[in-house]
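protein22.cif follows (mmCIF, C-alpha atoms):
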```cif
data_upload
loop_
_atom_site.label_atom_id
_atom_site.label_comp_id
_atom_site.auth_asym_id
_atom_site.auth_seq_id
_atom_site.Cartn_x
_atom_site.Cartn_y
_atom_site.Cartn_z
CA MET O 1 -21.16 -23.83 24.52
CA GLN O 2 -19.14 -20.62 24.25
CA SER O 3 -15.87 -22.44 24.97
CA ILE O 4 -16.69 -24.93 22.18
CA ASP O 5 -17.31 -22.07 19.74
CA LEU O 6 -14.04 -20.38 20.72
CA ALA O 7 -12.13 -23.65 20.34
CA LEU O 8 -13.67 -24.06 16.90
CA GLY O 9 -12.69 -20.50 15.99
CA PHE O 10 -9.06 -21.04 16.95
CA GLY O 11 -9.21 -24.38 15.14
CA LEU O 12 -10.25 -22.56 11.96
CA LEU O 13 -7.33 -20.16 12.37
CA GLY O 14 -4.96 -23.08 12.85
CA GLY O 15 -6.37 -24.98 9.90
CA MET O 16 -6.04 -21.97 7.66
CA LEU O 17 -2.39 -21.53 8.69
CA VAL O 18 -1.72 -25.23 8.00
CA LEU O 19 -3.12 -24.80 4.49
CA LEU O 20 -0.89 -21.78 3.93
CA VAL O 21 2.20 -23.67 5.09
CA ALA O 22 1.23 -26.57 2.81
CA GLY O 23 1.39 -24.22 -0.15
CA VAL O 24 -2.33 -23.77 -0.83
CA PRO O 25 -2.93 -20.33 -2.41
CA ILE O 26 -4.00 -17.74 0.15
CA ALA O 27 -7.45 -17.09 -1.32
CA TYR O 28 -8.27 -20.81 -1.38
CA SER O 29 -6.92 -21.31 2.15
CA LEU O 30 -9.29 -18.61 3.40
CA LEU O 31 -12.15 -20.03 1.36
CA ILE O 32 -11.67 -23.64 2.55
CA ALA O 33 -11.34 -22.64 6.21
CA GLY O 34 -14.34 -20.34 5.94
CA LEU O 35 -16.58 -22.92 4.29
CA ALA O 36 -15.55 -25.55 6.85
CA GLY O 37 -16.43 -23.16 9.65
CA LEU O 38 -19.81 -22.32 8.16
CA MET O 39 -20.71 -25.98 7.72
CA LEU O 40 -19.75 -26.72 11.33
CA THR O 41 -21.64 -23.77 12.83
CA ARG O 42 -24.73 -23.36 10.64
CA PRO O 43 -27.42 -25.65 9.19
CA TRP O 44 -26.61 -26.98 5.74
CA ILE O 45 -29.40 -25.02 4.07
CA ALA O 46 -28.02 -21.76 5.53
CA THR O 47 -24.50 -22.63 4.35
CA GLU O 48 -25.81 -23.49 0.89
CA PHE O 49 -27.60 -20.13 0.71
CA LEU O 50 -24.44 -18.24 1.67
CA VAL O 51 -22.32 -20.15 -0.83
CA SER O 52 -24.74 -19.32 -3.62
CA THR O 53 -25.24 -15.63 -2.78
CA PHE O 54 -22.24 -14.30 -0.81
CA PRO O 55 -19.64 -14.09 -3.64
CA TYR O 56 -22.02 -11.86 -5.59
CA SER O 57 -23.12 -9.75 -2.62
CA ALA O 58 -19.52 -9.32 -1.46
CA SER O 59 -18.33 -7.96 -4.79
CA ALA O 60 -21.36 -6.53 -6.63
CA ASN O 61 -20.99 -2.99 -5.39
CA LEU O 62 -20.61 -0.11 -7.82
CA ALA O 63 -18.14 1.57 -5.47
CA TYR O 64 -15.67 -1.30 -6.02
CA VAL O 65 -15.25 -0.30 -9.67
CA VAL O 66 -12.71 2.19 -8.32
CA LEU O 67 -10.12 -0.58 -7.90
CA PRO O 68 -9.75 -1.72 -11.55
CA LEU O 69 -10.02 1.86 -12.77
CA PHE O 70 -7.10 3.01 -10.63
CA LEU O 71 -5.11 -0.11 -11.53
CA PHE O 72 -5.67 0.65 -15.22
CA MET O 73 -4.61 4.27 -14.68
CA GLY O 74 -1.37 2.99 -13.14
CA HIS O 75 -0.70 0.69 -16.11
CA MET O 76 -1.24 3.53 -18.57
CA SER O 77 0.97 5.88 -16.55
CA PHE O 78 3.76 3.30 -16.57
CA SER O 79 3.47 2.79 -20.33
CA ALA O 80 3.55 6.55 -20.94
CA GLY O 81 6.99 6.79 -19.27
CA ILE O 82 5.80 9.12 -16.53
CA ALA O 83 8.27 7.72 -13.96
CA HIS O 84 11.27 8.53 -16.15
CA ARG O 85 10.24 12.16 -16.50
CA ALA O 86 9.45 12.39 -12.79
CA PHE O 87 12.97 11.21 -11.95
CA ASP O 88 14.61 13.65 -14.37
CA SER O 89 12.52 16.49 -12.99
CA ALA O 90 13.29 15.64 -9.36
CA ARG O 91 17.00 15.41 -10.13
CA VAL O 92 17.02 18.96 -11.50
CA TRP O 93 15.47 20.17 -8.23
CA VAL O 94 17.58 18.28 -5.66
CA GLY O 95 20.51 16.82 -7.61
CA ALA O 96 22.97 19.41 -6.26
CA LEU O 97 22.47 18.22 -2.67
CA PRO O 98 24.63 15.54 -1.03
CA GLY O 99 22.82 12.31 -1.89
CA GLY O 100 20.86 14.27 -4.49
CA MET O 101 20.25 11.36 -6.84
CA ALA O 102 18.92 9.16 -4.02
CA ILE O 103 16.72 12.04 -2.84
CA ALA O 104 15.50 12.54 -6.41
CA THR O 105 14.59 8.85 -6.45
CA VAL O 106 12.41 9.33 -3.38
CA PHE O 107 10.53 12.25 -4.91
CA ALA O 108 10.21 10.45 -8.25
CA CYS O 109 8.61 7.53 -6.41
CA ALA O 110 6.29 9.94 -4.60
CA GLY O 111 5.31 11.49 -7.91
CA PHE O 112 4.69 8.19 -9.66
CA ALA O 113 2.78 6.95 -6.58
CA ALA O 114 0.25 9.71 -7.26
CA VAL O 115 -0.73 7.99 -10.51
CA SER O 116 0.15 4.37 -9.77
CA GLY O 117 -1.55 3.06 -6.62
CA SER O 118 0.87 0.14 -6.34
CA SER O 119 4.00 -0.28 -4.25
CA LEU O 120 5.49 -2.95 -6.51
CA ALA O 121 4.78 -1.03 -9.71
CA THR O 122 6.35 2.12 -8.28
CA SER O 123 9.50 0.29 -7.14
CA ALA O 124 9.92 -1.62 -10.41
CA THR O 125 9.31 1.38 -12.64
CA VAL O 126 11.59 3.85 -10.85
CA ALA O 127 14.28 1.17 -10.30
CA GLN O 128 14.68 0.82 -14.07
CA VAL O 129 15.81 4.41 -14.46
CA ALA O 130 17.26 5.32 -11.05
CA VAL O 131 19.31 2.37 -9.78
CA PRO O 132 21.67 1.98 -12.78
CA ARG O 133 22.38 5.72 -12.68
CA MET O 134 23.06 5.69 -8.95
CA LEU O 135 25.42 2.74 -9.21
CA LYS O 136 27.24 4.41 -12.12
CA GLU O 137 27.71 7.63 -10.13
CA GLY O 138 29.19 5.86 -7.12
CA TYR O 139 26.27 5.18 -4.77
CA SER O 140 26.52 1.96 -2.77
CA HIS O 141 24.27 -1.02 -3.49
CA ALA O 142 22.65 -0.48 -0.07
CA ILE O 143 21.57 3.12 -0.65
CA SER O 144 20.72 2.57 -4.34
CA ALA O 145 18.39 -0.41 -3.78
CA GLY O 146 17.16 0.64 -0.34
CA SER O 147 16.03 4.09 -1.46
CA VAL O 148 14.02 2.75 -4.42
CA ALA O 149 12.48 -0.16 -2.51
CA ALA O 150 11.51 1.99 0.47
CA ALA O 151 10.28 4.99 -1.51
CA GLY O 152 8.30 2.60 -3.71
CA THR O 153 6.11 1.85 -0.71
CA LEU O 154 4.67 5.35 -1.11
CA GLY O 155 2.61 3.77 -3.89
CA VAL O 156 0.26 2.28 -1.29
CA LEU O 157 0.00 5.46 0.81
CA ILE O 158 -0.20 8.43 -1.54
CA PRO O 159 -3.59 8.34 -3.31
CA PRO O 160 -4.82 6.67 -5.38
CA SER O 161 -3.79 3.62 -3.37
CA GLY O 162 -4.91 0.09 -4.21
CA LEU O 163 -4.22 -1.05 -0.65
CA LEU O 164 -6.38 1.70 0.87
CA ILE O 165 -9.17 0.66 -1.50
CA VAL O 166 -8.92 -2.94 -0.24
CA TYR O 167 -9.03 -1.64 3.34
CA ALA O 168 -12.10 0.45 2.46
CA ILE O 169 -13.82 -2.58 0.95
CA ALA O 170 -12.99 -4.82 3.92
CA THR O 171 -14.08 -2.30 6.56
CA GLU O 172 -16.70 -0.21 4.72
CA THR O 173 -14.65 2.91 5.34
CA SER O 174 -14.93 5.95 3.06
CA VAL O 175 -12.51 5.79 0.12
CA PRO O 176 -12.35 9.61 -0.27
CA ASP O 177 -11.55 10.02 3.44
CA LEU O 178 -8.78 7.41 3.22
CA PHE O 179 -7.33 9.06 0.13
CA LEU O 180 -7.32 12.49 1.75
CA ALA O 181 -5.81 11.03 4.92
CA GLY O 182 -2.93 9.53 2.95
CA ILE O 183 -1.70 12.81 1.44
CA VAL O 184 0.00 14.49 4.43
CA PRO O 185 1.59 11.28 5.82
CA GLY O 186 2.80 10.50 2.29
CA ILE O 187 4.46 13.91 1.93
CA LEU O 188 5.87 13.65 5.45
CA THR O 189 7.34 10.23 4.65
CA ALA O 190 9.03 11.48 1.48
CA VAL O 191 10.49 14.51 3.29
CA LEU O 192 11.84 12.47 6.21
CA TYR O 193 13.30 9.92 3.79
CA ALA O 194 15.07 12.78 1.98
CA ILE O 195 16.43 14.23 5.23
CA MET O 196 17.68 10.80 6.29
CA LEU O 197 19.39 10.24 2.91
CA PHE O 198 21.07 13.64 3.13
CA GLY O 199 22.52 12.71 6.52
CA TRP O 200 23.42 9.19 5.37
CA VAL O 201 25.56 10.40 2.47
CA LYS O 202 27.13 13.18 4.55
CA LEU O 203 28.03 10.98 7.53
CA VAL O 204 28.73 7.52 6.07
CA PRO O 205 31.84 7.25 3.86
CA GLY O 206 31.21 5.38 0.63
CA ALA O 207 27.43 5.69 0.76
CA GLY O 208 27.40 8.13 -2.12
CA PRO O 209 29.69 10.23 -4.30
CA ALA O 210 31.73 12.92 -2.58
CA VAL O 211 31.16 15.33 -5.48
CA ARG O 212 27.83 17.12 -5.62
CA GLY O 213 25.75 17.30 -8.75
CA PRO O 214 25.67 20.47 -10.86
CA ARG O 215 23.65 23.39 -9.56
CA THR O 216 20.58 24.41 -11.53
CA THR O 217 18.87 27.75 -12.01
CA ALA O 218 15.33 28.64 -11.00
CA ARG O 219 14.36 28.65 -14.67
CA GLN O 220 15.68 25.12 -15.16
CA LYS O 221 13.73 23.96 -12.12
CA LEU O 222 10.50 25.48 -13.41
CA GLU O 223 11.06 23.90 -16.82
CA ALA O 224 11.70 20.53 -15.15
CA ALA O 225 8.50 20.84 -13.14
CA GLY O 226 6.65 21.51 -16.37
CA GLN O 227 7.98 18.24 -17.81
CA SER O 228 6.06 16.37 -15.10
CA TRP O 229 2.75 17.85 -16.17
CA GLU O 230 1.17 14.38 -16.57
CA ILE O 231 1.54 13.58 -12.87
CA ILE O 232 0.20 16.96 -11.83
CA LEU O 233 -2.71 16.72 -14.26
CA LEU O 234 -3.77 13.19 -13.27
CA PHE O 235 -3.43 13.90 -9.55
CA LEU O 236 -5.51 17.08 -9.87
CA ILE O 237 -8.13 15.25 -11.93
CA VAL O 238 -8.51 12.50 -9.33
CA MET O 239 -8.22 14.44 -6.09
CA GLY O 240 -9.86 17.56 -7.44
CA THR O 241 -12.92 15.56 -8.49
CA ILE O 242 -13.19 14.07 -5.00
CA TYR O 243 -12.16 17.04 -2.87
CA LEU O 244 -14.20 19.67 -4.73
CA GLY O 245 -17.29 17.47 -4.69
CA ILE O 246 -17.45 17.24 -8.48
CA GLY O 247 -17.84 13.47 -8.36
CA THR O 248 -17.47 10.33 -6.29
CA ALA O 249 -14.28 8.31 -5.91
CA THR O 250 -15.52 5.98 -8.66
CA GLU O 251 -16.11 8.87 -11.04
CA ALA O 252 -12.71 10.34 -10.14
CA ALA O 253 -11.10 6.99 -10.97
CA ALA O 254 -12.90 6.94 -14.33
CA PHE O 255 -11.70 10.47 -15.14
CA GLY O 256 -8.15 9.52 -14.10
CA ALA O 257 -8.17 6.37 -16.23
CA ALA O 258 -9.49 8.30 -19.22
CA GLY O 259 -6.82 10.97 -18.71
CA ALA O 260 -4.08 8.32 -18.59
CA VAL O 261 -5.35 6.79 -21.85
CA LEU O 262 -5.24 10.21 -23.51
CA ILE O 263 -1.63 10.65 -22.37
CA VAL O 264 -0.73 7.28 -23.89
CA LEU O 265 -2.40 8.30 -27.15
CA LEU O 266 -0.54 11.63 -27.18
CA ARG O 267 2.83 9.97 -26.49
CA GLY O 268 2.54 7.74 -29.54
CA GLY O 269 4.10 4.31 -29.92
CA LYS O 270 2.15 1.06 -30.07
CA ARG O 271 -0.97 2.62 -28.59
CA GLY O 272 -3.36 -0.27 -29.26
CA ALA O 273 -1.01 -2.89 -27.82
CA ILE O 274 -0.32 -0.76 -24.73
CA ILE O 275 -4.00 -0.24 -23.97
CA TRP O 276 -4.83 -3.92 -24.58
CA ARG O 277 -1.98 -5.08 -22.31
CA GLY O 278 -3.17 -2.66 -19.64
CA LEU O 279 -6.71 -4.01 -19.83
CA VAL O 280 -5.53 -7.62 -19.56
CA ASP O 281 -3.17 -6.94 -16.65
CA THR O 282 -5.85 -4.94 -14.85
CA GLY O 283 -8.35 -7.77 -15.27
CA VAL O 284 -5.92 -10.37 -13.92
CA THR O 285 -4.98 -8.26 -10.88
CA THR O 286 -8.58 -7.32 -10.13
CA SER O 287 -9.70 -10.95 -10.32
CA SER O 288 -6.96 -11.99 -7.91
CA VAL O 289 -7.86 -9.27 -5.41
CA PHE O 290 -11.58 -10.04 -5.49
CA LEU O 291 -10.97 -13.75 -5.05
CA LEU O 292 -9.02 -12.83 -1.92
CA ILE O 293 -11.85 -10.57 -0.77
CA ILE O 294 -14.46 -13.31 -1.25
CA GLY O 295 -12.30 -15.88 0.53
CA ALA O 296 -11.66 -13.49 3.41
CA GLY O 297 -15.37 -12.72 3.56
CA PHE O 298 -16.29 -16.39 4.02
CA PHE O 299 -13.56 -16.76 6.63
CA GLY O 300 -14.80 -13.65 8.44
CA LEU O 301 -18.39 -14.95 8.48
CA ALA O 302 -17.28 -18.25 9.99
CA LEU O 303 -15.02 -16.56 12.52
CA THR O 304 -17.77 -14.17 13.62
CA THR O 305 -20.09 -17.13 14.22
CA THR O 306 -17.53 -18.65 16.59
CA GLN O 307 -17.42 -15.39 18.62
CA VAL O 308 -13.62 -15.08 18.41
CA PRO O 309 -13.64 -11.38 17.32
CA GLN O 310 -16.26 -10.50 19.93
CA GLN O 311 -14.38 -12.26 22.72
CA LEU O 312 -11.12 -10.63 21.66
CA THR O 313 -12.86 -7.25 21.85
CA LEU O 314 -14.12 -7.95 25.35
CA TRP O 315 -10.72 -9.22 26.47
CA LEU O 316 -8.80 -6.22 25.19
CA THR O 317 -11.27 -3.59 26.38
CA GLN O 318 -11.35 -4.97 29.92
CA PHE O 319 -7.78 -3.70 30.44
CA ASP O 320 -9.05 -0.13 29.99
CA LEU O 321 -5.91 0.92 28.12
CA PRO O 322 -5.53 4.48 26.85
CA LYS O 323 -6.48 4.70 23.20
CA TRP O 324 -2.90 5.27 22.02
CA GLN O 325 -1.64 2.21 23.86
CA LEU O 326 -4.44 0.05 22.46
CA THR O 327 -3.70 1.36 18.96
CA LEU O 328 -0.04 0.34 19.24
CA LEU O 329 -1.08 -3.05 20.62
CA LEU O 330 -3.38 -3.65 17.65
CA LEU O 331 -0.59 -2.71 15.22
CA LEU O 332 1.80 -5.36 16.55
CA PRO O 333 0.24 -8.23 14.54
CA TYR O 334 0.68 -6.20 11.36
CA LEU O 335 4.34 -5.53 12.07
CA PHE O 336 4.86 -9.26 12.71
CA LEU O 337 2.82 -10.58 9.76
CA GLY O 338 4.53 -8.15 7.41
CA PHE O 339 7.64 -10.31 7.66
CA PHE O 340 5.81 -13.26 6.09
CA VAL O 341 2.83 -12.23 3.93
CA ASP O 342 2.00 -9.47 1.47
CA ALA O 343 0.00 -6.41 2.50
CA ILE O 344 -3.39 -7.33 1.00
CA THR O 345 -3.30 -10.81 2.53
CA MET O 346 -2.27 -9.37 5.88
CA MET O 347 -5.23 -7.02 5.88
CA LEU O 348 -7.79 -9.60 4.83
CA LEU O 349 -6.50 -12.13 7.38
CA THR O 350 -6.61 -9.78 10.34
CA LEU O 351 -9.34 -7.21 9.82
CA PRO O 352 -12.26 -9.58 10.54
CA ILE O 353 -10.69 -10.12 13.98
CA ILE O 354 -9.16 -6.74 14.79
CA PHE O 355 -11.51 -4.20 13.20
CA PRO O 356 -14.38 -4.86 15.67
CA VAL O 357 -11.94 -3.94 18.45
CA VAL O 358 -11.04 -0.74 16.58
CA LEU O 359 -14.68 0.30 16.35
CA ASP O 360 -15.50 -0.66 19.94
CA ALA O 361 -12.52 1.29 21.30
CA GLY O 362 -13.46 4.41 19.36
CA ILE O 363 -10.27 4.44 17.27
CA ASN O 364 -10.81 6.41 14.08
CA PRO O 365 -11.08 3.79 11.29
CA VAL O 366 -9.52 6.15 8.74
CA LEU O 367 -6.51 6.75 10.98
CA PHE O 368 -6.20 3.02 11.64
CA GLY O 369 -6.22 2.36 7.89
CA ILE O 370 -3.29 4.74 7.42
CA LEU O 371 -1.41 3.12 10.32
CA VAL O 372 -1.97 -0.38 8.94
CA THR O 373 -0.72 0.84 5.56
CA LYS O 374 2.44 2.18 7.23
CA CYS O 375 2.98 -1.25 8.81
CA ALA O 376 2.52 -2.80 5.37
CA GLU O 377 5.25 -0.49 4.05
CA ILE O 378 7.66 -1.92 6.62
CA GLY O 379 6.76 -5.48 5.62
CA ALA O 380 7.52 -4.68 1.97
CA ILE O 381 11.19 -3.91 2.73
CA THR O 382 12.03 -6.41 5.50
CA PRO O 383 13.08 -10.07 5.15
CA PRO O 384 12.20 -12.82 4.48
CA VAL O 385 9.44 -11.65 2.10
CA GLY O 386 10.44 -8.03 1.40
CA LEU O 387 8.65 -7.95 -1.96
CA ASN O 388 9.91 -4.50 -2.93
CA ILE O 389 13.51 -5.56 -2.37
CA PHE O 390 13.13 -8.56 -4.67
CA VAL O 391 11.34 -6.46 -7.28
CA VAL O 392 14.33 -4.11 -7.36
CA LYS O 393 16.68 -7.11 -7.55
CA ASN O 394 14.73 -8.59 -10.48
CA THR O 395 14.71 -5.23 -12.24
CA VAL O 396 18.43 -4.60 -11.70
CA PRO O 397 20.09 -8.06 -11.40
CA GLU O 398 23.51 -6.72 -10.33
CA ILE O 399 22.04 -5.52 -7.01
CA ASP O 400 23.13 -7.58 -4.00
CA VAL O 401 20.06 -8.68 -2.02
CA MET O 402 21.72 -8.62 1.40
CA SER O 403 23.06 -5.13 0.77
CA ALA O 404 19.58 -4.07 -0.32
CA PHE O 405 18.01 -5.35 2.91
CA LYS O 406 20.73 -3.58 4.93
CA GLY O 407 20.01 -0.43 2.98
CA ALA O 408 16.35 -0.66 3.96
CA ILE O 409 17.08 -0.62 7.72
CA PRO O 410 17.32 3.21 8.05
CA PHE O 411 14.01 3.54 6.20
CA VAL O 412 12.35 1.09 8.60
CA LEU O 413 13.51 3.26 11.51
CA VAL O 414 12.03 6.32 9.81
CA GLU O 415 8.75 4.44 9.30
CA LEU O 416 8.59 3.58 13.02
CA VAL O 417 9.12 7.24 13.89
CA ILE O 418 6.29 8.24 11.53
CA ILE O 419 3.94 5.64 13.05
CA ALA O 420 4.72 7.05 16.50
CA LEU O 421 4.00 10.57 15.25
CA LEU O 422 0.68 9.51 13.71
CA VAL O 423 -0.41 7.80 16.94
CA ALA O 424 0.63 10.79 19.03
CA PHE O 425 -0.71 13.45 16.66
CA ASN O 426 -3.75 12.07 14.82
CA ASP O 427 -4.32 15.32 12.94
CA ILE O 428 -1.30 14.62 10.73
CA ALA O 429 -3.50 12.09 8.93
CA LEU O 430 -6.91 13.59 9.61
CA VAL O 431 -6.27 17.29 8.96
CA LEU O 432 -7.67 17.26 5.40
CA ILE O 433 -10.84 15.30 6.20
#
```
Can you dump the structure from the file as structure tokens?
Amino acid sequence: MQSIDLALGFGLLGGMLVLLVAGVPIAYSLLIAGLAGLMLTRPWIATEFLVSTFPYSASANLAYVVLPLFLFMGHMSFSAGIAHRAFDSARVWVGALPGGMAIATVFACAGFAAVSGSSLATSATVAQVAVPRMLKEGYSHAISAGSVAAAGTLGVLIPPSGLLIVYAIATETSVPDLFLAGIVPGILTAVLYAIMLFGWVKLVPGAGPAVRGPRTTARQKLEAAGQSWEIILLFLIVMGTIYLGIGTATEAAAFGAAGAVLIVLLRGGKRGAIIWRGLVDTGVTTSSVFLLIIGAGFFGLALTTTQVPQQLTLWLTQFDLPKWQLTLLLLLPYLFLGFFVDAITMMLLTLPIIFPVVLDAGINPVLFGILVTKCAEIGAITPPVGLNIFVVKNTVPEIDVMSAFKGAIPFVLVELVIIALLVAFNDIALVLI
């Protein structure tokens, strides 16, 4: 009987992949495969009950309000022009260094990530202001596009992160813990990117201009930092509310969204149209994410019934691997899938299978969430999908795609080093928790 269940489980996986290849949207592929599995493994009355109740039970949780609130905060931050001021401020601080404009791009992305929560939004927004300037000043297509696309991935690591919220929903892990765990790895990533860019421009002829940018005084740097007050304010509102125990993650998201709306109102312009567009875009994105979550939930229920996750857990744990080796083994599917699917889909496809192994092996679920997010960052800048690369290309059409992918290679190597550091030294991610 067990072999029949396992065969059915692998059949569901295969059927779902066939639907994906046939062009069926991901959420519907998960939903169809999940419903088919439930009908084959449970009585019809039980399946009917799940179909009528599960979509509501899977999404009707007050804690999930955090997702649309943070998405809305990101839309308002974009409309307020925060990314432009972050770039100008970062350039004052590091523009005099070799590769200073590329380094400024990294720190601008890190700053906007603190109010965005989205990798694609961060890449697209900063690309508008940074890439044309870099190309004009003599940076190569590779370093110009690669730095924006790679640094844009900080949007899903530095809190508030939409991807970490999806992970929290899928695994019932604490959102505040995930947010706190993303801060130090996010800063570490930005710093190592900057160091790598400094060496790249110094050592590779033609990567960037030979002439350094103008030096700035301490007063100019302080004034530039003051121009980025919106980022500092919103980040302190969100993380301060959570970290100081003033409110929950949901309440912090509400405060952050309200703060972003106030900034839009203070900046002027077509305020009503901006807020309405932000509400509409947030609703569309939230609906898409929750449809994915519901589809993945049905698929996970069916897969659990077939015992595939449980058997995988038993199979992996029988090798008695050290925890660090098992962690790296569990990350391999994410590195592979990142070449073909987006980050949210990758998580929702794999977590019903892999997360039980994580819990059984005693791997910290918060740490694993950060590691999976790092793998997602690599997928966002590697072919054939490489969504961040194509976002930069669409934003700045003169960018050469192949050069952009080549420019992302050094950042991928840095990401692999950071993953190794996180696995070897867990406290890098867990020190603030």
Any chance you could resolve the PyMOL selection byres ((chain O and resi 140-154) around 7) against this file and give the residues as a ChimeraX atom specification? /O:102,105-106,109-110,113,119-120,122-123,126-127,131,134-135,138-139,155-158,186,206-208,377,381,388-389,392,399-400,403-408,411
Give me, as JSON lines, each residue of segment 121-223 of chain O that comes within 9 Å of segment 346-363 of chain O, together with its shortest interatomic pair and the distance in Å at one decimal, counting only C-alpha atoms, with rows ordered by chain and rising residue number.
```
{"residue": "O:Leu163", "atom": "CA", "partner": "O:Met347", "partner_atom": "CA", "distance": 8.9}
{"residue": "O:Val166", "atom": "CA", "partner": "O:Met347", "partner_atom": "CA", "distance": 8.2}
{"residue": "O:Tyr167", "atom": "CA", "partner": "O:Met347", "partner_atom": "CA", "distance": 7.1}
{"residue": "O:Ala170", "atom": "CA", "partner": "O:Leu348", "partner_atom": "CA", "distance": 7.1}
{"residue": "O:Thr171", "atom": "CA", "partner": "O:Phe355", "partner_atom": "CA", "distance": 7.4}
```
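What separates atom CA of Ile409 of chain O from atom CA of Pro160 of chain O is a distance of 26.5 Å.
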Nearest to Leu40 of chain O, chosen from O:Gly9, O:Ser161, O:Pro25, O:Thr189, with only C-alpha atoms counted in the distances: O:Gly9
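Note that atom CA of Met239 of chain O and atom CA of Asn61 of chain O are 21.6 Å apart.
Checking O:Leu332, O:Ala224, O:Ile274, O:Val66 one by one against Gly256 of chain O, counting all atoms listed in the file, you find the shortest gap at O:Val66.
Comparing the minimum interatomic distances between Leu180 of chain O and each of O:Val238, O:Leu222, O:Met101, O:Ile294, counting only C-alpha atoms, we find that O:Val238 sits nearest.
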Got a sec to resolve the PyMOL selection byres ((chain O and resi 301) around 10) on this structure and send the residues as a PyMOL selection string? chain O and resi 34-35+37-38+50+296-300+302-306+352
Selection above as a file: C-alpha atoms, as a compact mmCIF listing (two decimals), keeping the file's coordinate frame:
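Once written, selection-v9.txt looks like this:
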```txt
# COMPACT_ATOMS: atom_id res chain seq x y z
CA GLY O 34 -14.34 -20.34 5.94
CA LEU O 35 -16.58 -22.92 4.29
CA GLY O 37 -16.43 -23.16 9.65
CA LEU O 38 -19.81 -22.32 8.16
CA LEU O 50 -24.44 -18.24 1.67
CA ALA O 296 -11.66 -13.49 3.41
CA GLY O 297 -15.37 -12.72 3.56
CA PHE O 298 -16.29 -16.39 4.02
CA PHE O 299 -13.56 -16.76 6.63
CA GLY O 300 -14.80 -13.65 8.44
CA ALA O 302 -17.28 -18.25 9.99
CA LEU O 303 -15.02 -16.56 12.52
CA THR O 304 -17.77 -14.17 13.62
CA THR O 305 -20.09 -17.13 14.22
CA THR O 306 -17.53 -18.65 16.59
CA PRO O 352 -12.26 -9.58 10.54
```
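Atom CA of Gly379 of chain O is found 18.9 Å from atom CA of Val423 of chain O.
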Using the chain letters and numbering of this document, enumerate as a VMD selection string the residues selected by the PyMOL selection byres ((chain O and resi 419) around 12). chain O and resid 185 to 186 188 to 189 324 327 to 328 331 to 332 335 367 to 378 412 to 418 420 to 426 428 to 429
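The residue set within 7 Å of segment 93-97 of chain O, counting all atoms listed in the file and dropping same-chain residues fewer than 3 places from it, reads Ser89, Ala90, Gly100, Met101, Ile103, Ala104, Arg212, Gly213, Pro214, Arg215 and Lys221 of chain O.
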Taking (15.5, -9.9, 6.0) as a centre in this file's frame and 9 Å as the limit, can you find every polymer residue with an atom that close, using only C-alpha atoms, and give them as a ChimeraX atom specification? /O:339,381-386,402,405-406
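With only C-alpha atoms as the atoms that count, the residue of O:Leu20, O:Ala108, O:Glu398, O:Arg42 with the shortest distance to Ala190 of chain O is O:Ala108.
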Quick one: residues within 12 Å of Pro159 of chain O, all atoms listed in the file counted, chain neighbours fewer than 6 positions away excluded, as a count of residues only? 43
Of the listed residues O:Arg219, O:Thr125, O:Trp44, O:Ile32, that which approaches Asn394 of chain O most closely, counting all atoms listed in the file: O:Thr125
Using all atoms listed in the file for the distances, tell me which of O:Ser79, O:Ser52, O:Ser174, O:Ser57 is nearest to Pro365 of chain O. O:Ser174
Exercise: segment 257-269 of chain O partners within 7 Å, all atoms listed in the file, chain neighbours under 3 positions left out, as a VMD selection string: chain O and resid 69 to 70 72 to 73 76 to 77 80 234 253 to 254
Only C-alpha atoms, please: the residues just picked out, written as a compact mmCIF listing (two decimals), keeping the file's coordinate frame.
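Output (part.txt):
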```txt
# COMPACT_ATOMS: atom_id res chain seq x y z
CA LEU O 69 -10.02 1.86 -12.77
CA PHE O 70 -7.10 3.01 -10.63
CA PHE O 72 -5.67 0.65 -15.22
CA MET O 73 -4.61 4.27 -14.68
CA MET O 76 -1.24 3.53 -18.57
CA SER O 77 0.97 5.88 -16.55
CA ALA O 80 3.55 6.55 -20.94
CA LEU O 234 -3.77 13.19 -13.27
CA ALA O 253 -11.10 6.99 -10.97
CA ALA O 254 -12.90 6.94 -14.33
```
Polymer residues at most 8 Å from (-4.9, -12.8, -4.4) by only C-alpha atoms, as a list in words: Ile26, Ala27, Thr285, Ser287, Ser288, Val289, Phe290, Leu291, Leu292, Ile344 and Thr345 of chain O
